[in-house]
>>> print(open('upload16.cif').read())   # mmCIF, C-alpha atoms
data_run
loop_
_atom_site.label_atom_id
_atom_site.label_comp_id
_atom_site.auth_asym_id
_atom_site.auth_seq_id
_atom_site.Cartn_x
_atom_site.Cartn_y
_atom_site.Cartn_z
CA MET A 1231 102.77 97.81 86.68
CA HIS A 1232 99.74 98.04 84.44
CA PRO A 1233 97.53 95.22 83.19
CA THR A 1234 98.78 92.70 80.63
CA ASP A 1235 96.10 90.04 80.16
CA ASP A 1236 94.25 90.17 76.85
CA ASP A 1237 90.80 90.62 78.40
CA THR A 1238 92.06 93.65 80.31
CA VAL A 1239 93.65 95.20 77.25
CA VAL A 1240 90.40 94.76 75.34
CA ALA A 1241 88.47 96.40 78.18
CA LEU A 1242 91.04 99.17 78.42
CA LEU A 1243 90.95 100.06 74.74
CA ARG A 1244 87.26 99.38 74.20
CA PRO A 1245 85.82 102.51 72.49
CA LEU A 1246 89.14 104.00 72.58
CA ASP A 1247 94.15 86.85 104.38
CA THR A 1248 92.90 83.44 103.19
CA ASP A 1249 90.27 82.57 100.73
CA PRO A 1250 86.88 82.89 102.47
CA ALA A 1251 84.32 80.11 102.24
CA THR A 1252 81.68 82.37 100.68
CA PRO A 1253 81.85 85.34 98.29
CA SER A 1254 81.99 88.88 99.68
CA THR A 1255 78.66 90.42 100.67
CA VAL A 1256 79.84 94.03 100.31
CA ASP A 1257 77.48 96.03 98.10
CA ILE A 1258 79.88 97.55 95.58
CA ASP A 1259 77.11 99.53 93.87
CA ARG A 1260 76.20 101.15 97.18
CA ALA A 1261 79.87 101.90 97.82
CA MET A 1262 80.09 103.56 94.42
CA ARG A 1263 76.97 105.64 95.12
CA ASP A 1264 78.36 106.70 98.50
CA GLY A 1265 81.61 107.64 96.77
CA ARG A 1266 79.72 109.77 94.26
CA ARG A 1267 77.94 111.67 97.05
CA HIS A 1268 81.23 112.18 98.87
CA ARG A 1269 82.88 113.40 95.67
CA ARG A 1270 80.09 115.88 94.90
CA ARG A 1271 80.64 117.46 98.32
CA ARG A 1272 84.36 117.78 97.62
CA MET A 1273 83.76 119.22 94.16
CA ALA A 1274 81.93 122.19 95.66
CA THR A 1275 85.20 123.47 97.13
CA ARG A 1276 87.90 122.14 94.77
CA SER A 1277 88.91 123.39 91.36
CA VAL A 1278 90.49 121.16 88.76
CA ALA A 1279 94.10 121.95 87.83
CA VAL A 1280 94.91 121.61 84.14
CA ILE A 1281 98.33 120.53 82.96
CA ALA A 1282 99.12 122.59 79.85
CA ALA A 1283 102.16 121.84 77.74
CA ALA A 1284 103.63 121.54 74.27
CA GLY A 1285 104.52 118.42 72.27
CA LEU A 1286 107.98 117.43 71.07
CA ALA A 1287 108.67 114.65 68.56
CA VAL A 1288 112.02 112.90 68.94
CA ALA A 1289 113.61 110.28 66.73
CA GLY A 1290 115.28 107.08 67.94
CA SER A 1291 117.83 104.60 66.58
CA ALA A 1292 116.84 101.14 65.35
CA VAL A 1293 118.57 98.13 66.89
CA ALA A 1294 117.55 94.47 66.60
CA VAL A 1295 118.52 92.71 69.83
CA THR A 1296 118.36 89.40 71.66
CA ALA A 1297 120.14 90.77 74.75
CA LEU A 1298 119.40 94.21 76.11
CA SER A 1299 121.97 96.95 76.44
CA GLY A 1300 121.83 100.25 78.29
CA PRO A 1301 120.79 103.61 76.86
CA THR A 1302 122.46 105.01 73.78
CA ALA A 1303 123.32 108.62 73.07
CA ALA A 1304 120.22 110.70 72.40
CA PRO A 1305 119.72 111.91 68.81
CA ALA A 1306 118.65 115.43 68.02
CA PRO A 1307 114.89 116.04 67.66
CA PRO A 1308 113.65 116.29 64.06
CA ALA A 1309 112.63 119.56 62.53
CA GLY A 1310 108.97 120.44 62.32
CA SER A 1311 107.92 118.91 65.62
CA ALA A 1312 104.20 119.23 66.28
CA SER A 1313 103.15 121.11 69.41
CA ALA A 1314 100.00 121.53 71.41
CA THR A 1315 97.94 124.66 71.09
CA THR A 1316 98.88 125.90 74.57
CA GLY A 1317 101.63 125.48 77.15
CA PRO A 1318 105.35 126.11 77.57
CA GLU A 1319 107.96 125.36 74.95
CA PRO A 1320 109.64 121.99 75.49
CA SER A 1321 113.21 121.79 76.80
CA THR A 1322 115.95 122.14 74.19
CA ASP A 1323 117.88 119.31 75.87
CA PRO A 1324 116.37 115.98 74.71
CA THR A 1325 117.94 113.96 77.55
CA ARG A 1326 116.50 113.71 81.07
CA PRO A 1327 117.79 112.25 84.34
CA SER A 1328 116.51 108.81 85.30
CA PRO A 1329 114.45 108.87 88.53
CA ILE A 1330 116.02 105.64 89.85
CA THR A 1331 119.82 105.44 90.10
CA GLY A 1332 122.19 102.75 91.28
CA PRO A 1333 124.46 100.07 89.88
CA GLU A 1334 123.00 97.49 87.53
CA PRO A 1335 122.83 94.07 89.22
CA THR A 1336 124.35 90.88 87.86
CA PRO A 1337 121.74 89.18 85.64
CA PRO A 1338 120.28 85.86 86.84
CA THR A 1339 120.87 82.65 84.90
CA ARG A 1340 117.92 80.45 85.92
CA CYS A 1341 114.41 80.80 87.34
CA ASP A 1342 112.05 78.44 89.20
CA ARG A 1343 108.24 78.67 89.17
CA THR A 1344 105.85 78.83 92.15
CA GLN A 1345 102.07 79.03 91.74
CA LEU A 1346 100.11 81.61 93.71
CA PRO A 1347 96.96 80.37 95.50
CA VAL A 1348 93.64 80.89 93.72
CA PRO A 1349 90.02 81.10 94.93
CA SER A 1350 88.39 77.69 95.29
CA GLY A 1351 85.94 76.80 92.54
CA HIS A 1352 87.29 79.41 90.11
CA TYR A 1353 88.50 78.07 86.77
CA GLN A 1354 90.96 80.87 85.91
CA THR A 1355 92.89 83.56 87.80
CA ILE A 1356 95.07 86.20 86.14
CA VAL A 1357 97.60 88.71 87.49
CA GLY A 1358 96.91 92.35 86.59
CA GLY A 1359 99.54 94.39 88.47
CA VAL A 1360 102.30 94.25 91.07
CA ASP A 1361 103.68 96.90 93.44
CA PRO A 1362 107.37 97.89 93.06
CA THR A 1363 108.43 95.80 96.08
CA GLY A 1364 106.60 92.66 94.94
CA ARG A 1365 104.62 92.40 98.18
CA TYR A 1366 101.20 93.11 96.67
CA VAL A 1367 99.89 91.43 93.53
CA VAL A 1368 96.42 92.20 92.17
CA GLY A 1369 94.28 90.50 89.57
CA ARG A 1370 90.96 88.90 88.91
CA SER A 1371 89.51 85.43 89.11
CA TYR A 1372 86.89 83.84 86.86
CA ALA A 1373 83.92 81.92 88.28
CA SER A 1374 81.12 80.16 86.48
CA GLY A 1375 78.23 82.24 85.18
CA GLY A 1376 80.50 85.01 83.88
CA ILE A 1377 81.30 86.45 87.31
CA ARG A 1378 84.76 87.90 87.85
CA GLN A 1379 86.12 88.43 91.36
CA LEU A 1380 88.92 90.90 92.10
CA VAL A 1381 91.72 89.51 94.24
CA MET A 1382 94.92 90.62 95.99
CA TRP A 1383 97.90 88.61 97.22
CA ASP A 1384 99.80 90.04 100.20
CA ASN A 1385 103.18 88.28 100.41
CA GLY A 1386 101.54 85.33 98.68
CA THR A 1387 98.42 85.19 100.87
CA LEU A 1388 95.20 85.43 98.85
CA ARG A 1389 92.39 87.86 99.67
CA ARG A 1390 89.15 88.37 97.81
CA LEU A 1391 88.33 92.06 97.50
CA PRO A 1392 84.80 93.49 97.78
CA VAL A 1393 84.46 94.01 94.03
CA SER A 1394 82.86 91.51 91.69
CA GLY A 1395 80.65 91.59 88.63
CA ARG A 1396 80.68 90.95 84.89
CA ASP A 1397 83.74 93.02 84.02
CA PRO A 1398 85.76 94.54 86.89
CA VAL A 1399 89.50 95.14 86.47
CA LEU A 1400 92.29 95.77 88.96
CA ALA A 1401 95.07 97.29 86.91
CA ASP A 1402 97.77 98.29 89.40
CA VAL A 1403 98.78 98.60 93.07
CA ASN A 1404 101.48 100.44 95.02
CA SER A 1405 103.48 99.39 98.09
CA ALA A 1406 100.91 101.03 100.41
CA GLY A 1407 98.37 98.48 99.14
CA THR A 1408 96.28 101.06 97.27
CA ALA A 1409 94.92 99.43 94.12
CA VAL A 1410 93.24 101.07 91.14
CA GLY A 1411 91.03 99.82 88.36
CA PHE A 1412 87.66 100.18 86.72
CA ARG A 1413 84.35 98.41 86.43
CA VAL A 1414 82.37 98.15 83.20
CA ASP A 1415 78.59 97.93 83.54
CA GLU A 1416 76.57 97.83 80.32
CA SER A 1417 79.53 99.35 78.43
CA GLU A 1418 79.87 102.26 80.91
CA PRO A 1419 83.26 102.16 82.71
CA THR A 1420 83.70 103.58 86.22
CA PRO A 1421 87.20 104.24 87.66
CA PHE A 1422 87.88 103.47 91.30
CA ALA A 1423 90.59 103.10 93.92
CA TYR A 1424 90.60 100.42 96.62
CA LEU A 1425 92.31 101.55 99.83
CA ASN A 1426 91.96 100.80 103.52
CA GLY A 1427 89.20 98.30 102.80
CA ARG A 1428 86.96 100.77 100.98
CA VAL A 1429 86.18 101.61 97.36
CA GLU A 1430 86.53 105.24 96.27
CA GLN A 1431 85.00 106.24 92.94
CA LEU A 1432 87.33 108.56 91.05
CA ALA A 1433 84.99 109.95 88.35
CA PRO A 1434 81.49 109.31 86.97
CA LEU A 1435 82.96 107.63 83.85
CA GLY A 1436 86.43 106.45 82.97
CA LYS A 1437 89.22 104.02 83.80
CA ALA A 1438 92.03 104.09 86.36
CA THR A 1439 95.00 102.19 84.96
CA ALA A 1440 98.07 102.82 87.15
CA ILE A 1441 99.33 104.27 90.45
CA ASN A 1442 102.86 105.14 91.56
CA GLU A 1443 104.52 105.20 94.98
CA ALA A 1444 103.50 108.83 95.54
CA GLY A 1445 99.85 107.77 95.15
CA THR A 1446 99.36 109.57 91.83
CA ILE A 1447 96.83 107.77 89.63
CA VAL A 1448 96.45 107.92 85.86
CA GLY A 1449 93.80 106.76 83.46
CA SER A 1450 90.99 108.35 81.52
CA THR A 1451 87.61 109.97 81.93
CA GLY A 1452 84.62 109.54 79.66
CA ASN A 1453 83.81 106.51 77.57
CA GLU A 1454 83.53 106.77 73.79
CA ALA A 1455 85.40 110.10 73.80
CA SER A 1456 87.92 109.29 76.52
CA LYS A 1457 90.43 111.87 77.77
CA PRO A 1458 93.78 111.06 79.44
CA VAL A 1459 93.89 112.28 83.05
CA ARG A 1460 95.82 112.06 86.31
CA TRP A 1461 94.60 112.16 89.90
CA ALA A 1462 97.02 113.60 92.48
CA ASN A 1463 95.67 110.95 94.87
CA ALA A 1464 92.56 108.88 95.45
CA ASP A 1465 90.74 111.82 97.08
CA SER A 1466 91.43 114.37 94.32
CA GLU A 1467 89.64 115.34 91.14
CA PRO A 1468 90.92 114.29 87.69
CA GLU A 1469 93.32 116.69 85.97
CA PRO A 1470 93.32 116.57 82.14
CA LEU A 1471 96.56 115.72 80.39
CA PRO A 1472 97.07 117.95 77.33
CA LEU A 1473 96.44 116.68 73.83
CA PRO A 1474 98.42 117.93 70.80
CA ALA A 1475 96.67 119.61 67.89
CA GLY A 1476 94.58 117.17 65.87
CA TYR A 1477 93.97 114.68 68.70
CA PHE A 1478 90.77 114.46 70.72
CA ASN A 1479 90.78 111.04 72.45
CA GLY A 1480 93.30 109.20 74.55
CA GLN A 1481 94.18 106.96 77.49
CA ALA A 1482 96.93 107.29 80.08
CA ILE A 1483 98.32 103.77 80.63
CA ASP A 1484 101.11 103.93 83.23
CA ILE A 1485 103.07 106.36 85.43
CA ASP A 1486 106.72 106.35 86.48
CA GLU A 1487 108.02 107.25 89.94
CA ASP A 1488 109.00 110.77 88.80
CA GLY A 1489 105.49 111.39 87.44
CA THR A 1490 106.22 110.68 83.76
CA VAL A 1491 103.05 109.30 82.14
CA ILE A 1492 102.74 107.11 79.05
CA GLY A 1493 99.59 106.44 77.10
CA LEU A 1494 97.88 106.18 73.75
CA LEU A 1495 96.20 108.79 71.59
CA SER A 1496 93.54 107.91 69.05
CA ARG A 1497 93.11 109.47 65.61
CA ASP A 1498 91.98 108.00 62.30
CA SER A 1499 91.98 104.42 63.64
CA ASP A 1500 95.54 104.88 64.95
CA PHE A 1501 96.72 104.25 68.49
CA VAL A 1502 99.74 106.53 68.86
CA PRO A 1503 102.11 105.93 71.84
CA TYR A 1504 102.58 109.14 73.80
CA VAL A 1505 104.51 110.48 76.82
CA TRP A 1506 103.81 113.36 79.22
CA PHE A 1507 106.76 114.61 81.32
CA PRO A 1508 106.60 116.15 84.82
CA ASP A 1509 107.92 119.50 83.47
CA GLY A 1510 104.76 119.86 81.36
CA THR A 1511 106.23 118.88 77.98
CA HIS A 1512 104.83 115.97 76.02
CA ARG A 1513 105.44 114.20 72.72
CA GLU A 1514 104.77 111.17 70.58
CA LEU A 1515 106.97 108.10 70.80
CA MET A 1516 108.70 107.48 67.51
CA ARG A 1517 109.49 104.60 65.22
CA PRO A 1518 113.12 103.44 65.27
CA GLY A 1519 115.44 105.06 62.80
CA ASN A 1520 113.22 107.21 60.62
CA GLY A 1521 111.67 109.71 63.06
CA GLU A 1522 108.10 108.91 62.00
CA ARG A 1523 105.36 108.88 64.56
CA ALA A 1524 104.57 105.44 65.92
CA ARG A 1525 101.17 104.70 64.40
CA PHE A 1526 99.23 101.57 65.42
CA GLY A 1527 101.17 101.29 68.66
CA MET A 1528 100.68 99.86 72.14
CA VAL A 1529 102.44 100.77 75.40
CA ARG A 1530 102.23 98.45 78.40
CA GLY A 1531 104.44 99.89 81.12
CA ILE A 1532 107.14 102.33 82.18
CA ARG A 1533 109.89 101.98 84.79
CA ASN A 1534 112.76 104.47 85.27
CA GLY A 1535 112.12 105.91 81.82
CA TRP A 1536 112.08 102.51 80.07
CA VAL A 1537 108.87 101.76 78.16
CA VAL A 1538 107.75 98.47 76.61
CA GLY A 1539 105.06 97.98 74.02
CA SER A 1540 104.69 97.25 70.34
CA LEU A 1541 104.27 98.80 66.89
CA ARG A 1542 102.77 97.68 63.63
CA SER A 1543 102.93 99.21 60.17
CA GLY A 1544 99.22 98.88 59.47
CA PRO A 1545 95.94 98.03 61.21
CA LYS A 1546 96.14 94.34 60.24
CA THR A 1547 99.87 93.61 60.46
CA ASP A 1548 101.79 91.93 63.29
CA ARG A 1549 102.76 93.94 66.37
CA GLU A 1550 106.55 94.15 66.66
CA ALA A 1551 107.69 94.18 70.29
CA MET A 1552 109.45 97.43 71.22
CA ARG A 1553 111.42 99.10 73.99
CA TRP A 1554 111.80 102.87 74.30
CA ASN A 1555 113.73 105.03 76.77
CA VAL A 1556 111.93 108.35 77.10
CA ASN A 1557 114.87 109.90 78.98
CA THR A 1558 117.46 109.21 76.27
CA ASN A 1559 115.12 108.89 73.24
CA GLU A 1560 116.35 105.37 72.48
CA SER A 1561 113.98 103.04 70.64
CA VAL A 1562 114.77 99.43 69.74
CA ALA A 1563 112.94 96.50 68.24
CA LEU A 1564 112.81 93.29 70.30
CA PRO A 1565 112.59 90.38 67.83
CA THR A 1566 113.16 87.88 70.65
CA PHE A 1567 109.57 88.44 71.75
CA ALA A 1568 106.32 87.35 70.14
CA ASN A 1569 103.85 89.80 68.62
CA ASP A 1570 103.17 92.40 71.32
CA GLY A 1571 105.10 90.08 73.63
CA ALA A 1572 107.16 92.62 75.61
CA HIS A 1573 105.04 92.91 78.74
CA ALA A 1574 107.16 94.21 81.64
CA VAL A 1575 110.37 96.20 82.15
CA ASN A 1576 112.50 96.97 85.21
CA ALA A 1577 114.57 100.00 86.20
CA HIS A 1578 117.55 98.79 84.15
CA GLY A 1579 115.63 98.10 80.94
CA TRP A 1580 115.46 94.30 81.36
CA VAL A 1581 112.31 92.99 79.67
CA ALA A 1582 110.07 90.06 80.54
CA GLY A 1583 107.29 88.67 78.40
CA GLN A 1584 106.37 86.05 75.85
CA HIS A 1585 109.09 84.62 73.62
CA SER A 1586 108.41 84.05 69.93
CA SER A 1587 108.27 80.31 70.78
CA GLY A 1588 105.38 80.95 73.20
CA LYS A 1589 107.32 80.45 76.44
CA ALA A 1590 107.90 83.17 79.01
CA VAL A 1591 111.38 84.69 79.16
CA LEU A 1592 113.42 87.38 80.89
CA VAL A 1593 115.85 89.18 78.59
CA THR A 1594 118.88 90.87 80.19
CA PRO A 1595 122.20 92.20 78.82
CA ALA A 1596 123.58 88.69 79.39
CA GLY A 1597 120.95 86.99 77.24
CA ILE A 1598 117.69 85.05 77.57
CA VAL A 1599 116.57 83.38 80.80
CA ASP A 1600 113.68 80.89 80.53
CA LEU A 1601 110.67 81.30 82.84
CA PRO A 1602 109.39 77.71 83.03
CA GLY A 1603 105.72 76.95 82.58
CA PHE A 1604 103.75 73.98 83.85
CA PRO A 1605 105.01 70.51 82.83
CA GLY A 1606 103.52 69.20 79.62
CA VAL A 1607 101.90 72.51 78.68
CA THR A 1608 103.12 74.53 75.72
CA GLY A 1609 100.38 77.15 75.74
CA PHE A 1610 100.50 80.87 76.42
CA VAL A 1611 102.64 82.20 79.25
CA SER A 1612 103.37 85.83 80.07
CA ALA A 1613 105.14 88.04 82.58
CA ALA A 1614 103.40 91.02 84.19
CA TRP A 1615 106.23 92.39 86.38
CA VAL A 1616 109.96 92.03 86.92
CA SER A 1617 111.79 93.31 89.99
CA ASP A 1618 114.58 95.86 89.60
CA ASP A 1619 117.16 93.27 90.64
CA GLY A 1620 115.73 90.75 88.18
CA ARG A 1621 115.36 88.12 90.90
CA THR A 1622 111.55 87.97 90.90
CA VAL A 1623 109.12 87.84 87.98
CA VAL A 1624 105.32 87.63 88.32
CA GLY A 1625 102.97 86.60 85.56
CA ASN A 1626 100.61 83.97 84.20
CA ALA A 1627 101.07 80.45 82.87
CA MET A 1628 98.62 78.15 81.14
CA THR A 1629 97.66 74.81 82.68
CA ALA A 1630 95.94 71.70 81.41
CA PRO A 1631 93.22 70.57 81.13
CA GLY A 1632 91.17 73.48 79.85
CA ASN A 1633 94.03 75.78 78.82
CA TYR A 1634 93.31 78.21 81.63
CA GLN A 1635 95.80 80.68 83.07
CA ARG A 1636 97.17 80.58 86.62
CA PRO A 1637 99.17 83.25 88.52
CA VAL A 1638 102.80 82.34 89.08
CA VAL A 1639 105.95 83.78 90.61
CA TRP A 1640 109.39 82.98 89.20
CA HIS A 1641 112.32 83.20 91.64
CA CYS A 1642 115.57 83.70 89.78
CA THR A 1643 119.20 83.16 90.76
#
>>> encode(input="upload16.cif", output="structure tokens")
Amino acid sequence: MHPTDDDTVVALLRPLDTDPATPSTVDIDRAMRDGRRHRRRRMATRSVAVIAAAGLAVAGSAVAVTALSGPTAAPAPPAGSASATTGPEPSTDPTRPSPITGPEPTPPTRCDRTQLPVPSGHYQTIVGGVDPTGRYVVGRSYASGGIRQLVMWDNGTLRRLPVSGRDPVLADVNSAGTAVGFRVDESEPTPFAYLNGRVEQLAPLGKATAINEAGTIVGSTGNEASKPVRWANADSEPEPLPLPAGYFNGQAIDIDEDGTVIGLLSRDSDFVPYVWFPDGTHRELMRPGNGERARFGMVRGIRNGWVVGSLRSGPKTDREAMRWNVNTNESVALPTFANDGAHAVNAHGWVAGQHSSGKAVLVTPAGIVDLPGFPGVTGFVSAAWVSDDGRTVVGNAMTAPGNYQRPVVWHCT
């Protein structure tokens, strides 16, 4: 799953073993320079493939829910759908098969909290992403002096990774332990992958935001004028994702196991939620009920076609939590959650995040399951990932004193 902490979201949308006794001595800047030299050699013999496709706008149905139900019948696409300037015509069938099949498990009824270990001397540690099996968790830890250290937990064992600085981000990881992220130096972001103990730079400028089990990475290239891209793997060149007519900037945020990509496009101060399908078609995500494009939106993650995020009617209004299904064109409002509080979704559409009361919750077809925070603390809690069986949730909870966040795992029964 993609990042959920507020600092990471700000960085993302800006312009657009055991804990060792001492910090890592790996020279990340030298590793980045070596990666650039290696990449220039590869670029001499590799051409960049361009994904060209057309857009398709599809309407959804509005439902206010406190418990989540399965997909509804797909409505017909509205007339006058906008399309890109090049690429194939989109499919006439608005429904798509889900990449993950299997019976829906029985929802849990209670969850217990366990804290993940954190680096000694660091005042705050936050989860950024989790692999689909739950083995690997990645995030970053905050030390004094403004230094942020990237970290990984392997089955609960903490490791510091050889990346630190003023603003590094680890956004996601897959079950092979390959993590992706970006580092911002003097407002210039650099995307990278961390695999087999080394750092591989993915482009001169940009952000890597997600990776799936096939090793496909998505994110953006550039800075002020960012473009959504995908990398076939950590050793490949970025491939542009197509933009519809009238759009020039964008970010790819997350990728599903079948290669479906979600992201945001930017135009006229809007952030428009968008989806690119493996067959080359692409379209805007829509507002519930009326078929209008989802202006001022946010998307946070996709799993088995289910997407969570938020919408707002204007640049200064509250963000209403949302769930879409890009395979069936369903879109529903989630009033159970706080503003932009739907943070993670599993293969069955169960959503975890921040309740309107401020506590963390898991919402299933059977109702709301509390994700307990630390005793005596009523501050912010959030969920970054929920397993497909709903038995494990990973996220962050606030502790006292200081109101700092700590990484936690909820085990549910």
>>> residues_around(input="upload16.cif", residues="A:Pro1602", least_positions_apart="2", cutoff="12 Å", atoms="only C-alpha atoms", output="ChimeraX atom specification")
/A:1340-1345,1584-1585,1588-1592,1599-1600,1604-1613,1623-1628,1638-1642
>>> atom_distance(input="upload16.cif", atom1="atom CA of A:Ile1483", atom2="atom CA of A:Ser1540")
13.7 Å
>>> closest_atom_pairs(input="upload16.cif", of="stretch 1540-1610 of chain A", to="stretch 1493-1516 of chain A", cutoff="10 Å", atoms="all atoms listed in the file", output="JSON lines")
{"residue": "A:Ser1540", "atom": "CA", "partner": "A:Pro1503", "partner_atom": "CA", "distance": 9.2}
{"residue": "A:Leu1541", "atom": "CA", "partner": "A:Pro1503", "partner_atom": "CA", "distance": 8.9}
{"residue": "A:Gly1544", "atom": "CA", "partner": "A:Asp1500", "partner_atom": "CA", "distance": 8.9}
{"residue": "A:Pro1545", "atom": "CA", "partner": "A:Asp1500", "partner_atom": "CA", "distance": 7.8}
{"residue": "A:Trp1554", "atom": "CA", "partner": "A:Leu1515", "partner_atom": "CA", "distance": 7.9}
{"residue": "A:Asn1555", "atom": "CA", "partner": "A:Leu1515", "partner_atom": "CA", "distance": 9.5}
{"residue": "A:Val1556", "atom": "CA", "partner": "A:Val1505", "partner_atom": "CA", "distance": 7.7}
{"residue": "A:Asn1557", "atom": "CA", "partner": "A:Phe1507", "partner_atom": "CA", "distance": 9.7}
{"residue": "A:Asn1559", "atom": "CA", "partner": "A:Leu1515", "partner_atom": "CA", "distance": 8.5}
{"residue": "A:Glu1560", "atom": "CA", "partner": "A:Met1516", "partner_atom": "CA", "distance": 9.4}
{"residue": "A:Ser1561", "atom": "CA", "partner": "A:Met1516", "partner_atom": "CA", "distance": 7.6}
>>> residues_around(input="upload16.cif", residues="A:Asp1384", least_positions_apart="3", cutoff="6 Å", atoms="all atoms listed in the file", output="list of chain:residue names")
A:Arg1365, A:Tyr1366, A:Thr1387
>>> atom_distance(input="upload16.cif", atom1="atom CA of A:Asp1484", atom2="atom CA of A:Ser1617")
16.5 Å
>>> residues_around(input="upload16.cif", residues="A:Thr1547", least_positions_apart="5", cutoff="12 Å", atoms="only C-alpha atoms", output="list of chain:residue names")
A:Arg1525, A:Phe1526, A:Gly1527, A:Ser1540, A:Leu1541, A:Arg1542, A:Asn1569, A:Asp1570
>>> resolve_selection(input="upload16.cif", expression="the PyMOL selection byres ((chain A and resi 1567) around 7)", output="list in words")
Ala1551, Leu1564, Pro1565, Thr1566, Ala1568, Asn1569, Gly1571, Ala1572, Gln1584, His1585 and Ser1586 of chain A
>>> build_atoms(input="upload16.cif", residues="stretch 1496-1515 of chain A", atoms="N, CA and C atoms", output="PDB file, keeping the file's coordinate frame")
ATOM      1  N   SER A1496      94.302 108.523  70.128  1.00  0.00           N
ATOM      2  CA  SER A1496      93.540 107.910  69.050  1.00  0.00           C
ATOM      3  C   SER A1496      93.193 108.954  68.002  1.00  0.00           C
ATOM      4  N   ARG A1497      93.496 108.615  66.733  1.00  0.00           N
ATOM      5  CA  ARG A1497      93.110 109.470  65.610  1.00  0.00           C
ATOM      6  C   ARG A1497      93.131 108.644  64.341  1.00  0.00           C
ATOM      7  N   ASP A1498      92.054 108.691  63.589  1.00  0.00           N
ATOM      8  CA  ASP A1498      91.980 108.000  62.300  1.00  0.00           C
ATOM      9  C   ASP A1498      92.337 106.523  62.415  1.00  0.00           C
ATOM     10  N   SER A1499      91.773 105.846  63.405  1.00  0.00           N
ATOM     11  CA  SER A1499      91.980 104.420  63.640  1.00  0.00           C
ATOM     12  C   SER A1499      93.390 104.092  64.102  1.00  0.00           C
ATOM     13  N   ASP A1500      94.198 105.102  64.410  1.00  0.00           N
ATOM     14  CA  ASP A1500      95.540 104.880  64.950  1.00  0.00           C
ATOM     15  C   ASP A1500      95.497 104.865  66.464  1.00  0.00           C
ATOM     16  N   PHE A1501      96.413 104.107  67.074  1.00  0.00           N
ATOM     17  CA  PHE A1501      96.720 104.250  68.490  1.00  0.00           C
ATOM     18  C   PHE A1501      98.178 104.688  68.565  1.00  0.00           C
ATOM     19  N   VAL A1502      98.410 105.947  68.891  1.00  0.00           N
ATOM     20  CA  VAL A1502      99.740 106.530  68.860  1.00  0.00           C
ATOM     21  C   VAL A1502     100.330 106.561  70.261  1.00  0.00           C
ATOM     22  N   PRO A1503     101.471 105.884  70.517  1.00  0.00           N
ATOM     23  CA  PRO A1503     102.110 105.930  71.840  1.00  0.00           C
ATOM     24  C   PRO A1503     102.573 107.342  72.171  1.00  0.00           C
ATOM     25  N   TYR A1504     102.349 107.758  73.422  1.00  0.00           N
ATOM     26  CA  TYR A1504     102.580 109.140  73.800  1.00  0.00           C
ATOM     27  C   TYR A1504     103.172 109.208  75.202  1.00  0.00           C
ATOM     28  N   VAL A1505     103.913 110.300  75.505  1.00  0.00           N
ATOM     29  CA  VAL A1505     104.510 110.480  76.820  1.00  0.00           C
ATOM     30  C   VAL A1505     104.311 111.915  77.278  1.00  0.00           C
ATOM     31  N   TRP A1506     103.934 112.057  78.561  1.00  0.00           N
ATOM     32  CA  TRP A1506     103.810 113.360  79.220  1.00  0.00           C
ATOM     33  C   TRP A1506     104.860 113.427  80.328  1.00  0.00           C
ATOM     34  N   PHE A1507     105.688 114.482  80.332  1.00  0.00           N
ATOM     35  CA  PHE A1507     106.760 114.610  81.320  1.00  0.00           C
ATOM     36  C   PHE A1507     106.324 115.492  82.484  1.00  0.00           C
ATOM     37  N   PRO A1508     106.970 115.347  83.649  1.00  0.00           N
ATOM     38  CA  PRO A1508     106.600 116.150  84.820  1.00  0.00           C
ATOM     39  C   PRO A1508     106.796 117.650  84.622  1.00  0.00           C
ATOM     40  N   ASP A1509     107.697 118.062  83.691  1.00  0.00           N
ATOM     41  CA  ASP A1509     107.920 119.500  83.470  1.00  0.00           C
ATOM     42  C   ASP A1509     106.852 120.125  82.582  1.00  0.00           C
ATOM     43  N   GLY A1510     105.851 119.336  82.168  1.00  0.00           N
ATOM     44  CA  GLY A1510     104.760 119.860  81.360  1.00  0.00           C
ATOM     45  C   GLY A1510     104.908 119.625  79.879  1.00  0.00           C
ATOM     46  N   THR A1511     106.079 119.183  79.405  1.00  0.00           N
ATOM     47  CA  THR A1511     106.230 118.880  77.980  1.00  0.00           C
ATOM     48  C   THR A1511     105.673 117.497  77.690  1.00  0.00           C
ATOM     49  N   HIS A1512     105.388 117.271  76.430  1.00  0.00           N
ATOM     50  CA  HIS A1512     104.830 115.970  76.020  1.00  0.00           C
ATOM     51  C   HIS A1512     105.089 115.763  74.544  1.00  0.00           C
ATOM     52  N   ARG A1513     105.121 114.508  74.120  1.00  0.00           N
ATOM     53  CA  ARG A1513     105.440 114.200  72.720  1.00  0.00           C
ATOM     54  C   ARG A1513     105.009 112.783  72.378  1.00  0.00           C
ATOM     55  N   GLU A1514     105.010 112.508  71.065  1.00  0.00           N
ATOM     56  CA  GLU A1514     104.770 111.170  70.580  1.00  0.00           C
ATOM     57  C   GLU A1514     106.029 110.327  70.739  1.00  0.00           C
ATOM     58  N   LEU A1515     105.872 109.023  70.950  1.00  0.00           N
ATOM     59  CA  LEU A1515     106.970 108.100  70.800  1.00  0.00           C
ATOM     60  C   LEU A1515     107.148 107.792  69.327  1.00  0.00           C
TER      61      LEU A1515
END
